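A quick write-up on the structure given underneath.
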Amino acid sequence: LAHRSHQTSPTPRRSSKMAAEFEALAVEEASPMTETESKYFDILVNASPEAYKERAKADPLDLLIVIRGFQKEDPRDENTIAAWTKITEWRDKIGYYTFMDRHFTGEQQFYEFWPEAIYGADKYGHFLQVIRISDINIEKVEELGEDLVEVLQGQKMRVYGEYKRQLMAKSGTTRYKHSLVVDLTGVSLNLSREKHRHFVKKVFDVGTHFYPETMWKIYLLNSPYLFRGIWAIAKIWLHPITVAKVNVLGSYPSSMQAMMADGIPKEAMPDWMGGGCKGTKTIDFLNSVVGQDKSKD
């Protein structure tokens, strides 16, 4: 498959408008809790189990992220409470509050067969989570079983949250979102089989349902023509902001140009695509933070 981009460039007016909307989102992300958000904070705290009331007071950002993630919902009160209830129930079931304390059976295999890496950040401070499809062995991941993979993916998302908190501590700016880069080089029809498709969806659903408001943008590199055609149809039914978050790109050089236009410097991009960042394996960062006694810090 050739990898030249056939994307039609947006009109300057629309591009400018969308850029302004993302700028506003970046400002909101870095802003302290508003009076309206404080009201919803109190609503969620009152609707929470007792243990979560104390956790919310100790870490208000955890709840603020959920509040902002559901601010466009209607009715907002009902849907936000329902989402938070679903998240707390999942956390209790999955062992969320042990994720930073322990390693799990199958962890090494999971990262061997679904490796990811952390690269540099955009102009706002959103780091790049990078996946290369050619490195994934979906059959081996499936052998671990859905339940264990859900736990391991949940732990991974929490570890990414810890990475963002470390960046925030260094920069002094609140940034709880990050961008996802997926290199589709070598993607095959094997992944489109229903069994595999279901499993991949299960992995990504962990972030969608239980880690809301964490994705800034998505960049799909070396997208095959067939995929671009499907996306061109699917995006008609999606919200403009959602569409703007997903960037279906071509070759590495053209992808780099698009990413630089989005405020990602060349030195923050993966070295294998022509950037200047060697990156850190996600498993290596996980090993550096999981099981560490915070009282010794």
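Numbering starts fresh at 1 for the residues of each chain in the structure tokens, the chains themselves are lettered A, B, ... in the order given, and ligands are numbered from 1 as they appear.
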
- request: For stretch 13-30 of chain A, work out the shell of residues within 8 Å, counting only C-alpha atoms and skipping chain neighbours fewer than 4 positions away, then give it as a ChimeraX atom specification.
  value: /A:124,173-176,241,244

- request: Give the strand (DSSP E) residues of stretch 65-297 of chain A, as assigned by DSSP on the backbone, as an MDAnalysis selection string.
  value: chainID A and resid 116:121 127:132 178:183 215:221 246:248 280:281

All residues 9 Å or closer to A:Val246, only C-alpha atoms, same chain fewer than 6 positions away omitted, as a PyMOL selection string: chain A and resi 217-220

- prompt: What's the 9 Å shell around A:Tyr252, counting only C-alpha atoms, without same-chain residues fewer than 4 positions away, as an MDAnalysis selection string?
  reply: chainID A and resid 221:222 256:257 273:274

field: Using only C-alpha atoms: which of A:Ile81, A:Arg165, A:Ala58, A:Ser179 has the shortest distance to A:Asn46
entry: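 Ranked by minimum distance to A:Asn46, first place goes to A:Ile81.
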
message: Using only C-alpha atoms, which protein or nucleic acid residues come within 10 Å of stretch 116-119 of chain A? Drop anything in the same chain fewer than 5 positions from it, and give the result as a VMD selection string.
response: chain A and resid 111 126 to 133 135 to 136 156 160 163 180 to 182 267 to 271 276 to 285

Identify, on the basis of only C-alpha atoms, every residue whose closest approach to A:Gly145 does not exceed 12 Å; exclude the query and any residue fewer than 3 positions from it along the same chain; express the result as a compact mmCIF listing (two decimals) with N, CA and C atoms, in the first residue's frame.
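File around.txt, as written:
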# COMPACT_ATOMS: atom_id res chain seq x y z
N THR A 105 1.05 -10.80 37.72
CA THR A 105 1.41 -11.95 36.89
C THR A 105 1.03 -11.63 35.44
N GLY A 106 1.93 -11.90 34.52
CA GLY A 106 1.64 -11.64 33.12
C GLY A 106 2.04 -10.26 32.65
N GLN A 109 4.89 -10.25 29.98
CA GLN A 109 4.39 -10.75 28.70
C GLN A 109 3.51 -9.71 28.01
N PHE A 110 2.69 -9.03 28.79
CA PHE A 110 1.80 -8.01 28.23
C PHE A 110 2.59 -6.93 27.51
N ILE A 138 -1.14 -9.74 18.73
CA ILE A 138 -2.46 -9.76 19.35
C ILE A 138 -2.85 -11.15 19.84
N GLU A 139 -2.41 -12.20 19.14
CA GLU A 139 -2.73 -13.56 19.59
C GLU A 139 -2.12 -13.86 20.96
N LYS A 140 -0.87 -13.42 21.16
CA LYS A 140 -0.20 -13.64 22.44
C LYS A 140 -0.86 -12.82 23.56
N VAL A 141 -1.30 -11.61 23.22
CA VAL A 141 -1.99 -10.78 24.22
C VAL A 141 -3.30 -11.46 24.62
N GLU A 142 -4.02 -11.99 23.65
CA GLU A 142 -5.29 -12.65 23.93
C GLU A 142 -5.11 -13.86 24.84
N LEU A 148 -7.31 -10.34 32.90
CA LEU A 148 -5.96 -9.90 33.26
C LEU A 148 -5.54 -8.70 32.40
N VAL A 149 -5.86 -8.74 31.13
CA VAL A 149 -5.50 -7.63 30.25
C VAL A 149 -6.20 -6.35 30.68
N GLU A 150 -7.44 -6.47 31.15
CA GLU A 150 -8.15 -5.28 31.65
C GLU A 150 -7.42 -4.69 32.86
N VAL A 151 -6.94 -5.55 33.74
CA VAL A 151 -6.18 -5.09 34.91
C VAL A 151 -4.88 -4.41 34.47
N LEU A 152 -4.16 -5.06 33.56
CA LEU A 152 -2.86 -4.53 33.12
C LEU A 152 -3.01 -3.23 32.34
N PHE A 199 -11.12 -7.73 21.02
CA PHE A 199 -10.11 -7.66 22.07
C PHE A 199 -9.43 -6.30 22.09
N LYS A 202 -11.65 -3.85 23.62
CA LYS A 202 -11.68 -4.04 25.07
C LYS A 202 -10.52 -3.30 25.73
N VAL A 203 -9.35 -3.36 25.11
CA VAL A 203 -8.17 -2.68 25.65
C VAL A 203 -8.39 -1.17 25.68

task: May I have the residues within 6 Å of stretch 66-79 of chain A as an MDAnalysis selection string, using only C-alpha atoms and disregarding those fewer than 2 positions away in the same chain?
output: chainID A and resid 63:64 81:82 212:213
